[in-house]
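Next comes my_file_16.cif, with mmCIF, C-alpha atoms.
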data_run
loop_
_atom_site.group_PDB
_atom_site.id
_atom_site.type_symbol
_atom_site.label_atom_id
_atom_site.label_comp_id
_atom_site.auth_asym_id
_atom_site.auth_seq_id
_atom_site.Cartn_x
_atom_site.Cartn_y
_atom_site.Cartn_z
ATOM 1 C CA THR A 524 53.288 174.750 94.465
ATOM 2 C CA PHE A 525 52.252 178.326 95.101
ATOM 3 C CA ASN A 526 50.965 180.585 97.848
ATOM 4 C CA ASP A 527 47.415 181.740 97.124
ATOM 5 C CA SER A 528 46.758 183.259 100.547
ATOM 6 C CA SER A 529 46.767 186.808 99.152
ATOM 7 C CA TRP A 530 44.503 186.111 96.169
ATOM 8 C CA LEU A 531 41.184 187.908 95.845
ATOM 9 C CA THR A 532 38.108 185.842 96.641
ATOM 10 C CA GLY A 533 34.704 185.779 95.020
ATOM 11 C CA ARG A 534 31.725 183.620 94.159
ATOM 12 C CA SER A 535 31.248 182.001 90.784
ATOM 13 C CA PRO A 536 30.219 182.454 88.038
ATOM 14 C CA PHE A 537 33.085 184.819 87.149
ATOM 15 C CA PHE A 538 32.329 186.884 84.063
ATOM 16 C CA SER A 539 33.113 189.859 81.881
ATOM 17 C CA GLU A 540 30.526 191.351 79.538
ATOM 18 C CA ASN A 541 30.637 194.531 77.462
ATOM 19 C CA ALA A 542 27.196 194.105 75.935
ATOM 20 C CA THR A 543 24.403 191.784 77.023
ATOM 21 C CA GLY A 544 24.675 188.086 77.616
ATOM 22 C CA PHE A 545 26.665 186.768 80.551
ATOM 23 C CA SER A 546 25.914 187.509 84.183
ATOM 24 C CA GLY A 547 27.100 186.038 87.447
ATOM 25 C CA ASN A 548 28.335 186.810 90.938
ATOM 26 C CA THR A 549 31.833 188.216 90.353
ATOM 27 C CA VAL A 550 32.319 190.838 87.639
ATOM 28 C CA LEU A 551 35.719 190.883 85.908
ATOM 29 C CA THR A 552 34.892 193.520 83.278
ATOM 30 C CA PRO A 553 37.372 196.085 84.744
ATOM 31 C CA PHE A 554 40.194 193.588 84.179
ATOM 32 C CA MET A 555 39.339 192.168 80.754
ATOM 33 C CA GLY A 556 37.409 193.383 77.714
ATOM 34 C CA ASN A 557 37.635 195.515 74.587
ATOM 35 C CA ALA A 558 36.331 198.848 75.871
ATOM 36 C CA ALA A 559 38.491 201.873 76.688
ATOM 37 C CA GLY A 560 40.076 201.719 80.123
ATOM 38 C CA GLN A 561 39.580 197.989 80.562
ATOM 39 C CA GLY A 562 42.435 195.682 81.443
ATOM 40 C CA VAL A 563 43.934 193.248 78.964
ATOM 41 C CA ALA A 564 43.993 190.118 81.120
ATOM 42 C CA THR A 565 43.325 186.992 79.070
ATOM 43 C CA CYS A 566 43.050 184.409 81.849
ATOM 44 C CA ILE A 567 42.297 183.998 85.530
ATOM 45 C CA PHE A 568 43.508 181.450 88.093
ATOM 46 C CA MET A 569 41.248 179.994 90.778
ATOM 47 C CA THR A 570 41.683 177.545 93.636
ATOM 48 C CA ARG A 571 39.289 175.856 96.025
ATOM 49 C CA ARG A 572 40.089 173.441 98.829
ATOM 50 C CA PHE A 573 37.672 170.613 99.572
ATOM 51 C CA GLN A 574 37.516 167.736 102.022
ATOM 52 C CA VAL A 575 37.355 164.035 101.161
ATOM 53 C CA PRO A 576 37.303 161.963 104.363
ATOM 54 C CA ASN A 577 37.602 158.640 102.506
ATOM 55 C CA PRO A 578 38.483 158.758 98.790
ATOM 56 C CA GLY A 579 37.828 155.020 98.496
ATOM 57 C CA ALA A 580 34.165 155.595 99.334
ATOM 58 C CA LEU A 581 33.513 157.670 96.207
ATOM 59 C CA LEU A 582 31.641 155.921 93.413
ATOM 60 C CA ASP A 583 32.428 158.639 90.882
ATOM 61 C CA LEU A 584 33.627 162.212 90.424
ATOM 62 C CA SER A 585 32.676 164.643 87.661
ATOM 63 C CA VAL A 586 33.211 168.273 86.696
ATOM 64 C CA ASP A 587 30.330 170.328 85.299
ATOM 65 C CA LEU A 588 31.922 173.082 83.189
ATOM 66 C CA GLN A 589 30.821 176.274 81.462
ATOM 67 C CA ALA A 590 33.593 178.287 79.841
ATOM 68 C CA ASP A 591 33.917 181.163 77.423
ATOM 69 C CA ASP A 592 36.351 180.524 75.971
ATOM 70 C CA GLY A 593 38.315 177.704 77.648
ATOM 71 C CA CYS A 594 39.668 176.225 80.868
ATOM 72 C CA ILE A 595 41.846 173.553 82.464
ATOM 73 C CA VAL A 596 41.030 171.870 85.795
ATOM 74 C CA TRP A 597 43.556 170.217 88.106
ATOM 75 C CA ILE A 598 43.104 168.292 91.361
ATOM 76 C CA ASN A 599 46.197 168.106 93.555
ATOM 77 C CA GLY A 600 48.313 169.080 90.548
ATOM 78 C CA VAL A 601 46.887 166.427 88.211
ATOM 79 C CA GLU A 602 44.992 167.645 85.146
ATOM 80 C CA VAL A 603 41.522 166.071 85.249
ATOM 81 C CA ALA A 604 39.402 168.052 82.783
ATOM 82 C CA SER A 605 39.538 170.750 80.139
ATOM 83 C CA LEU A 606 37.297 172.586 77.715
ATOM 84 C CA GLY A 607 38.592 174.747 74.876
ATOM 85 C CA ARG A 608 42.098 173.885 76.027
ATOM 86 C CA PRO A 609 45.094 175.867 74.705
ATOM 87 C CA VAL A 610 48.036 173.909 73.337
ATOM 88 C CA ASN A 611 51.068 173.244 75.539
ATOM 89 C CA PRO A 612 53.034 174.806 77.065
ATOM 90 C CA ILE A 613 50.409 176.488 79.259
ATOM 91 C CA THR A 614 51.412 179.932 80.549
ATOM 92 C CA PHE A 615 49.629 183.050 81.791
ATOM 93 C CA GLU A 616 49.679 184.250 78.167
ATOM 94 C CA SER A 617 47.962 181.159 76.739
ATOM 95 C CA LEU A 618 44.766 181.779 74.776
ATOM 96 C CA ALA A 619 41.766 179.579 74.128
ATOM 97 C CA PRO A 620 41.947 178.288 70.547
ATOM 98 C CA ASP A 621 38.564 179.692 69.493
ATOM 99 C CA ALA A 622 35.520 181.612 70.665
ATOM 100 C CA THR A 623 32.880 179.236 69.333
ATOM 101 C CA GLY A 624 30.113 178.287 71.720
ATOM 102 C CA GLU A 625 28.661 180.907 74.025
ATOM 103 C CA PRO A 626 29.587 179.334 76.399
ATOM 104 C CA LYS A 627 31.153 175.922 75.856
ATOM 105 C CA THR A 628 29.601 173.365 78.237
ATOM 106 C CA ALA A 629 30.457 169.820 79.273
ATOM 107 C CA VAL A 630 30.075 167.352 82.122
ATOM 108 C CA ILE A 631 33.358 165.436 82.331
ATOM 109 C CA THR A 632 33.688 162.230 84.349
ATOM 110 C CA ILE A 633 37.066 161.805 86.024
ATOM 111 C CA SER A 634 38.037 158.221 85.270
ATOM 112 C CA SER A 635 40.766 157.804 87.899
ATOM 113 C CA LEU A 636 40.486 159.121 91.445
ATOM 114 C CA SER A 637 44.019 158.152 92.453
ATOM 115 C CA MET A 638 45.027 161.792 92.917
ATOM 116 C CA LEU A 639 42.631 162.237 95.846
ATOM 117 C CA VAL A 640 43.970 162.049 99.390
ATOM 118 C CA PRO A 641 42.119 161.643 102.707
ATOM 119 C CA GLY A 642 41.421 165.082 104.134
ATOM 120 C CA GLU A 643 42.110 168.307 102.265
ATOM 121 C CA ASN A 644 42.403 168.328 98.475
ATOM 122 C CA LEU A 645 43.058 171.242 96.124
ATOM 123 C CA LEU A 646 41.036 172.116 93.031
ATOM 124 C CA ALA A 647 42.808 174.545 90.696
ATOM 125 C CA VAL A 648 41.485 176.157 87.507
ATOM 126 C CA GLN A 649 42.973 178.331 84.801
ATOM 127 C CA ALA A 650 40.292 179.891 82.584
ATOM 128 C CA PHE A 651 41.186 181.462 79.250
ATOM 129 C CA ASN A 652 39.790 184.065 76.888
ATOM 130 C CA GLN A 653 40.335 183.750 73.164
ATOM 131 C CA ALA A 654 41.869 187.227 72.803
ATOM 132 C CA ALA A 655 42.705 190.299 74.854
ATOM 133 C CA GLY A 656 40.101 192.225 72.863
ATOM 134 C CA SER A 657 37.267 189.779 73.524
ATOM 135 C CA SER A 658 34.013 191.388 74.595
ATOM 136 C CA ASP A 659 33.043 188.667 77.067
ATOM 137 C CA PHE A 660 34.332 185.936 79.356
ATOM 138 C CA LEU A 661 32.773 183.314 81.635
ATOM 139 C CA ILE A 662 33.871 180.519 83.920
ATOM 140 C CA GLU A 663 31.550 178.426 86.065
ATOM 141 C CA LEU A 664 32.104 174.915 87.354
ATOM 142 C CA SER A 665 31.063 172.463 90.007
ATOM 143 C CA LEU A 666 32.669 169.270 91.297
ATOM 144 C CA ASN A 667 30.201 166.460 91.931
ATOM 145 C CA SER A 668 30.521 163.032 93.497
ATOM 146 C CA SER A 669 28.333 160.258 94.854
ATOM 147 C CA VAL A 670 28.738 157.812 97.721
ATOM 148 C CA ASP A 671 26.741 154.611 98.227
ATOM 149 C CA ASN A 672 26.011 154.403 101.961
ATOM 150 C CA VAL A 673 22.704 152.528 101.654
ATOM 151 C CA PRO A 674 22.772 148.899 102.882
ATOM 152 C CA PRO A 675 21.254 146.131 100.740
ATOM 153 C CA THR A 676 17.814 144.813 101.579
ATOM 154 C CA VAL A 677 15.736 141.768 100.616
ATOM 155 C CA THR A 678 13.135 142.704 98.019
ATOM 156 C CA SER A 679 11.428 139.314 97.635
ATOM 157 C CA ILE A 680 11.649 135.651 98.643
ATOM 158 C CA ASP A 681 10.455 132.542 96.802
ATOM 159 C CA PRO A 682 8.514 130.754 98.184
ATOM 160 C CA LEU A 683 6.816 133.560 100.069
ATOM 161 C CA PRO A 684 7.036 133.488 103.877
ATOM 162 C CA GLY A 685 3.920 131.879 105.369
ATOM 163 C CA SER A 686 3.037 129.991 102.215
ATOM 164 C CA THR A 687 2.294 126.251 102.053
ATOM 165 C CA VAL A 688 4.343 124.157 99.620
ATOM 166 C CA ARG A 689 4.488 120.424 98.801
ATOM 167 C CA GLN A 690 8.287 120.393 98.727
ATOM 168 C CA LEU A 691 10.958 122.702 100.111
ATOM 169 C CA THR A 692 14.606 122.166 99.193
ATOM 170 C CA GLN A 693 15.445 125.647 97.946
ATOM 171 C CA ILE A 694 14.741 129.238 98.894
ATOM 172 C CA GLU A 695 15.445 132.010 96.412
ATOM 173 C CA VAL A 696 16.313 135.441 97.811
ATOM 174 C CA PHE A 697 16.303 138.641 95.746
ATOM 175 C CA PHE A 698 18.388 141.553 97.057
ATOM 176 C CA SER A 699 17.995 145.228 96.240
ATOM 177 C CA GLU A 700 21.537 145.296 94.800
ATOM 178 C CA PRO A 701 24.465 142.924 94.216
ATOM 179 C CA VAL A 702 25.933 141.541 97.445
ATOM 180 C CA ALA A 703 29.317 140.176 98.458
ATOM 181 C CA ASN A 704 30.701 137.711 101.027
ATOM 182 C CA LEU A 705 27.565 135.571 100.934
ATOM 183 C CA GLN A 706 27.889 131.879 101.893
ATOM 184 C CA ALA A 707 25.470 128.976 102.073
ATOM 185 C CA SER A 708 25.821 128.878 105.871
ATOM 186 C CA ASP A 709 24.430 132.428 106.126
ATOM 187 C CA LEU A 710 20.858 131.084 105.863
ATOM 188 C CA LEU A 711 19.531 128.814 108.618
ATOM 189 C CA ILE A 712 16.696 126.340 108.034
ATOM 190 C CA ASN A 713 15.273 125.263 111.402
ATOM 191 C CA GLY A 714 18.563 126.361 112.909
ATOM 192 C CA LYS A 715 20.737 124.397 110.435
ATOM 193 C CA PRO A 716 22.820 126.097 107.714
ATOM 194 C CA ALA A 717 21.928 125.641 104.066
ATOM 195 C CA SER A 718 24.202 123.187 102.248
ATOM 196 C CA GLY A 719 24.597 125.055 98.976
ATOM 197 C CA VAL A 720 24.156 128.402 97.267
ATOM 198 C CA SER A 721 23.911 129.448 93.619
ATOM 199 C CA PHE A 722 23.507 132.745 91.842
ATOM 200 C CA GLY A 723 20.929 133.312 89.129
ATOM 201 C CA GLY A 724 21.860 136.959 88.571
ATOM 202 C CA PRO A 725 23.576 139.916 90.239
ATOM 203 C CA ASN A 726 20.795 140.238 92.845
ATOM 204 C CA ASP A 727 19.376 136.682 92.756
ATOM 205 C CA THR A 728 20.616 134.046 95.224
ATOM 206 C CA ALA A 729 19.268 130.516 95.733
ATOM 207 C CA PHE A 730 19.996 128.504 98.887
ATOM 208 C CA GLN A 731 19.760 124.703 98.737
ATOM 209 C CA PHE A 732 19.224 122.353 101.679
ATOM 210 C CA SER A 733 17.799 118.948 102.654
ATOM 211 C CA GLU A 734 14.049 118.913 102.932
ATOM 212 C CA PRO A 735 12.969 119.695 106.498
ATOM 213 C CA PRO A 736 10.251 117.704 108.332
ATOM 214 C CA THR A 737 6.632 118.404 107.483
ATOM 215 C CA GLY A 738 5.219 121.377 109.348
ATOM 216 C CA ALA A 739 6.230 124.975 109.977
ATOM 217 C CA VAL A 740 9.775 125.774 108.894
ATOM 218 C CA HIS A 741 11.767 128.493 110.600
ATOM 219 C CA VAL A 742 14.099 130.427 108.276
ATOM 220 C CA ALA A 743 16.570 133.026 109.587
ATOM 221 C CA TRP A 744 19.870 134.673 108.804
ATOM 222 C CA ALA A 745 22.851 133.451 110.783
ATOM 223 C CA SER A 746 24.121 135.882 113.382
ATOM 224 C CA GLY A 747 27.478 137.363 112.494
ATOM 225 C CA HIS A 748 27.144 136.751 108.760
ATOM 226 C CA GLY A 749 29.435 138.891 106.627
ATOM 227 C CA ILE A 750 27.057 139.847 103.827
ATOM 228 C CA THR A 751 27.641 143.349 102.429
ATOM 229 C CA ASP A 752 26.863 145.200 99.243
ATOM 230 C CA ALA A 753 29.495 145.544 96.521
ATOM 231 C CA SER A 754 30.092 149.279 97.007
ATOM 232 C CA PRO A 755 33.459 150.699 98.138
ATOM 233 C CA LEU A 756 32.026 151.155 101.661
ATOM 234 C CA ALA A 757 30.856 147.505 101.820
ATOM 235 C CA ASN A 758 27.611 148.483 103.540
ATOM 236 C CA PRO A 759 26.536 145.572 105.789
ATOM 237 C CA PHE A 760 23.267 143.734 105.151
#
Go ahead and render the structure in this file as structure tokens.
Amino acid sequence: TFNDSSWLTGRSPFFSENATGFSGNTVLTPFMGNAAGQGVATCIFMTRRFQVPNPGALLDLSVDLQADDGCIVWINGVEVASLGRPVNPITFESLAPDATGEPKTAVITISSLSMLVPGENLLAVQAFNQAAGSSDFLIELSLNSSVDNVPPTVTSIDPLPGSTVRQLTQIEVFFSEPVANLQASDLLINGKPASGVSFGGPNDTAFQFSEPPTGAVHVAWASGHGITDASPLANPF
């Protein structure tokens, strides 16, 4: 743990450039570089707090990185990504192993999100130069996630509503995405629940039932059914 309340603030990208090449929002050239009068810093530390109301709702999390020459990213103290990473142990004197790539770039998917907590989370970064005499430096990153909050819908039905058929003992329903908690009794045929259900694919469901009397057939979803999609939010159908 550490107290970062007195740290300087700025907008990324953070960069140092003695010639032409890198640009950004926060210039670090007075603190690092190979010209006379410049500082000899070889790394910077950054933190950013972000809110996650419900970590279980996230489908994925990724870090989009640009670094010259290297960096390590932590979330809540857990290392989640790196690019041009120095060898352990990591200290304020650690150097990136090489200066190849101007800059190095990567989009890294974070495989486990168990370090996230509801509410405030802490992103921390240490970005490294390859040498105190390096002529340039850059660090830019973004944290990206996606949440599925779109409910499933019916995309097609076989036979089509309003059509005339010689026999009707099955109705096939195609959903816009895989669904969960679906039961035969969720579909009513003339007010009576279907007797069986089978699955032809992730989005393909077939309901079976006894053939109704000749004439118009009323088909409806049962009230209070529990059908949802398969996302972490379980969006209701």
List every protein, DNA or RNA residue that has at least one atom no more than 8 Å from (34.9, 190.3, 91.9) in the file's coordinates, counting only C-alpha atoms, and write the result as number ranges by chain.
A: 531-534, 537, 548-551
Where does the PyMOL selection byres ((chain A and resi 582) around 8) land in this file, that is, which residues does it pick, as a list in words?
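Written out, the selection comes to Ala580, Leu581, Asp583, Leu584, Ser668, Ser669, Val670, Asp671, Ser754 and Pro755 of chain A.
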Fewer than 3 positions away in the same chain doesn't count, so skip those; otherwise give me all residues within 8 Å of Ile662 of chain A, counting all atoms listed in the file, as a ChimeraX atom specification.
/A:535-538,588-591,594,650
With only C-alpha atoms as the atoms that count, which of A:Glu616, A:Asp527, A:Glu663, A:Asp592 lies nearest to Val563 of chain A?
A:Glu616
Please compute the atom CA of Ala604 of chain A-atom CA of Thr628 of chain A distance, one decimal, in Å.
12.0 Å
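When all atoms listed in the file are used to measure the gap to Val696 of chain A, the shortest distance among A:Leu606, A:Ile680, A:Ala564, A:Met569 belongs to A:Ile680.
One finds atom CA of Phe573 of chain A at 5.4 Å from atom CA of Asn644 of chain A.
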Contacts of Gly723 of chain A at 10 Å or less, counting only C-alpha atoms, minus same-chain residues fewer than 4 places along, as a ChimeraX atom specification?
/A:695,697,727-729
Return as a PDB file with C-alpha atoms, keeping the file's coordinate frame the set of residues that the PyMOL selection byres ((chain A and resi 684) around 12) yields on the displayed structure.
ATOM      1  CA  SER A 679      11.428 139.314  97.635  1.00  0.00           C
ATOM      2  CA  ILE A 680      11.649 135.651  98.643  1.00  0.00           C
ATOM      3  CA  ASP A 681      10.455 132.542  96.802  1.00  0.00           C
ATOM      4  CA  PRO A 682       8.514 130.754  98.184  1.00  0.00           C
ATOM      5  CA  LEU A 683       6.816 133.560 100.069  1.00  0.00           C
ATOM      6  CA  GLY A 685       3.920 131.879 105.369  1.00  0.00           C
ATOM      7  CA  SER A 686       3.037 129.991 102.215  1.00  0.00           C
ATOM      8  CA  THR A 687       2.294 126.251 102.053  1.00  0.00           C
ATOM      9  CA  VAL A 688       4.343 124.157  99.620  1.00  0.00           C
ATOM     10  CA  ILE A 694      14.741 129.238  98.894  1.00  0.00           C
ATOM     11  CA  GLU A 695      15.445 132.010  96.412  1.00  0.00           C
ATOM     12  CA  VAL A 696      16.313 135.441  97.811  1.00  0.00           C
ATOM     13  CA  ALA A 739       6.230 124.975 109.977  1.00  0.00           C
ATOM     14  CA  VAL A 740       9.775 125.774 108.894  1.00  0.00           C
ATOM     15  CA  HIS A 741      11.767 128.493 110.600  1.00  0.00           C
ATOM     16  CA  VAL A 742      14.099 130.427 108.276  1.00  0.00           C
ATOM     17  CA  ALA A 743      16.570 133.026 109.587  1.00  0.00           C
TER      18      ALA A 743
END
One decimal, Å: what's the distance from atom CA of Val720 of chain A over to atom CA of Gly738 of chain A, could you say?
23.5 Å
Please determine an axis-aligned box that encloses all atoms of segment 714-727 of chain A listed in the file, with 6 Å added on each side, and express its centre and edge lengths in Å to one decimal as lines of an AutoDock Vina configuration file.
center_x = 21.6
center_y = 131.7
center_z = 100.7
size_x = 18.0
size_y = 29.1
size_z = 36.3
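Residues lying within 6 Å of segment 598-602 of chain A, counting all atoms listed in the file and ignoring same-chain neighbours fewer than 2 positions away, are A:Val596, A:Leu645, A:Leu646.
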So that I can see what lies close to Phe732 of chain A, please list as a list in words the residues with an atom at most 7 Å from it, counting all atoms listed in the file and leaving out residues fewer than 6 positions away in the same chain.
Thr692, Gln693, Ala717, Ser718 and Gly719 of chain A
Which polymer residues have any atom within 12 Å of an atom of Asn726 of chain A, counting all atoms listed in the file, with same-chain residues fewer than 4 positions away left out, as a ChimeraX atom specification?
/A:675-680,695-703,705,721-722,752-753
Pick from A:Phe525, A:Pro553, A:Val603, A:Phe730 nearest to Val630 of chain A, counting all atoms listed in the file
A:Val603
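Closest to Phe554 of chain A among A:Ser528, A:Thr623, A:Ser658, A:Ser635 is A:Ser658, based on all atoms listed in the file.
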Could you tell me which of A:Gly714, A:Pro578, A:Pro609, A:Gly724 comes closest to Gly642 of chain A if we count only C-alpha atoms?
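Of the candidates, the smallest distance to Gly642 of chain A is held by A:Pro578.
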So, counting all atoms listed in the file, which residue among A:Val610, A:Val673, A:Ala655, A:Ala757 is closest to Met555 of chain A?
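Of A:Val610, A:Val673, A:Ala655, A:Ala757, the one nearest Met555 of chain A, counting all atoms listed in the file, is A:Ala655.
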Please supply segment 641-651 of chain A, rebuilt with all heavy atoms, as a compact mmCIF listing (two decimals), in the frame of the given file.
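Result went into selection-v2.txt, see below:
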# COMPACT_ATOMS: atom_id res chain seq x y z
N PRO A 641 43.02 161.43 101.57
CA PRO A 641 42.12 161.64 102.71
C PRO A 641 42.36 163.03 103.31
O PRO A 641 43.50 163.44 103.52
CB PRO A 641 42.51 160.53 103.68
CG PRO A 641 43.21 159.51 102.85
CD PRO A 641 43.91 160.27 101.76
N GLY A 642 41.28 163.74 103.57
CA GLY A 642 41.42 165.08 104.13
C GLY A 642 41.32 166.15 103.07
O GLY A 642 40.49 166.06 102.17
N GLU A 643 42.20 167.15 103.16
CA GLU A 643 42.11 168.31 102.26
C GLU A 643 42.70 168.03 100.88
O GLU A 643 43.78 167.48 100.76
CB GLU A 643 42.82 169.50 102.89
CG GLU A 643 42.67 170.79 102.08
CD GLU A 643 43.29 171.99 102.76
OE1 GLU A 643 44.49 172.25 102.55
OE2 GLU A 643 42.58 172.66 103.53
N ASN A 644 41.96 168.42 99.85
CA ASN A 644 42.40 168.33 98.48
C ASN A 644 42.27 169.71 97.83
O ASN A 644 41.50 170.55 98.30
CB ASN A 644 41.56 167.31 97.70
CG ASN A 644 41.79 165.89 98.16
OD1 ASN A 644 42.52 165.13 97.55
ND2 ASN A 644 41.15 165.50 99.27
N LEU A 645 43.02 169.92 96.75
CA LEU A 645 43.06 171.24 96.12
C LEU A 645 42.57 171.17 94.68
O LEU A 645 43.13 170.44 93.86
CB LEU A 645 44.48 171.82 96.16
CG LEU A 645 44.64 173.21 95.51
CD1 LEU A 645 43.89 174.27 96.30
CD2 LEU A 645 46.12 173.58 95.40
N LEU A 646 41.52 171.93 94.39
CA LEU A 646 41.04 172.12 93.03
C LEU A 646 41.62 173.41 92.49
O LEU A 646 41.52 174.46 93.14
CB LEU A 646 39.51 172.18 93.03
CG LEU A 646 38.82 172.48 91.70
CD1 LEU A 646 38.85 171.24 90.83
CD2 LEU A 646 37.39 172.93 91.93
N ALA A 647 42.23 173.36 91.32
CA ALA A 647 42.81 174.54 90.70
C ALA A 647 42.29 174.67 89.27
O ALA A 647 42.11 173.66 88.58
CB ALA A 647 44.34 174.48 90.70
N VAL A 648 42.04 175.90 88.83
CA VAL A 648 41.48 176.16 87.51
C VAL A 648 42.22 177.33 86.87
O VAL A 648 42.49 178.34 87.54
CB VAL A 648 39.98 176.48 87.59
CG1 VAL A 648 39.41 176.74 86.19
CG2 VAL A 648 39.21 175.37 88.28
N GLN A 649 42.54 177.20 85.60
CA GLN A 649 42.97 178.33 84.80
C GLN A 649 41.96 178.47 83.68
O GLN A 649 41.72 177.52 82.92
CB GLN A 649 44.38 178.14 84.22
CG GLN A 649 44.88 179.37 83.47
CD GLN A 649 46.33 179.21 82.98
OE1 GLN A 649 46.96 178.19 83.22
NE2 GLN A 649 46.84 180.22 82.30
N ALA A 650 41.32 179.63 83.60
CA ALA A 650 40.29 179.89 82.58
C ALA A 650 40.81 180.92 81.60
O ALA A 650 41.41 181.93 82.00
CB ALA A 650 39.01 180.37 83.25
N PHE A 651 40.56 180.68 80.31
CA PHE A 651 41.19 181.46 79.25
C PHE A 651 40.16 182.19 78.40
O PHE A 651 39.08 181.66 78.12
CB PHE A 651 41.98 180.54 78.31
CG PHE A 651 42.94 179.62 79.01
CD1 PHE A 651 42.52 178.36 79.43
CD2 PHE A 651 44.25 180.00 79.25
CE1 PHE A 651 43.39 177.50 80.07
CE2 PHE A 651 45.12 179.14 79.89
CZ PHE A 651 44.69 177.89 80.30
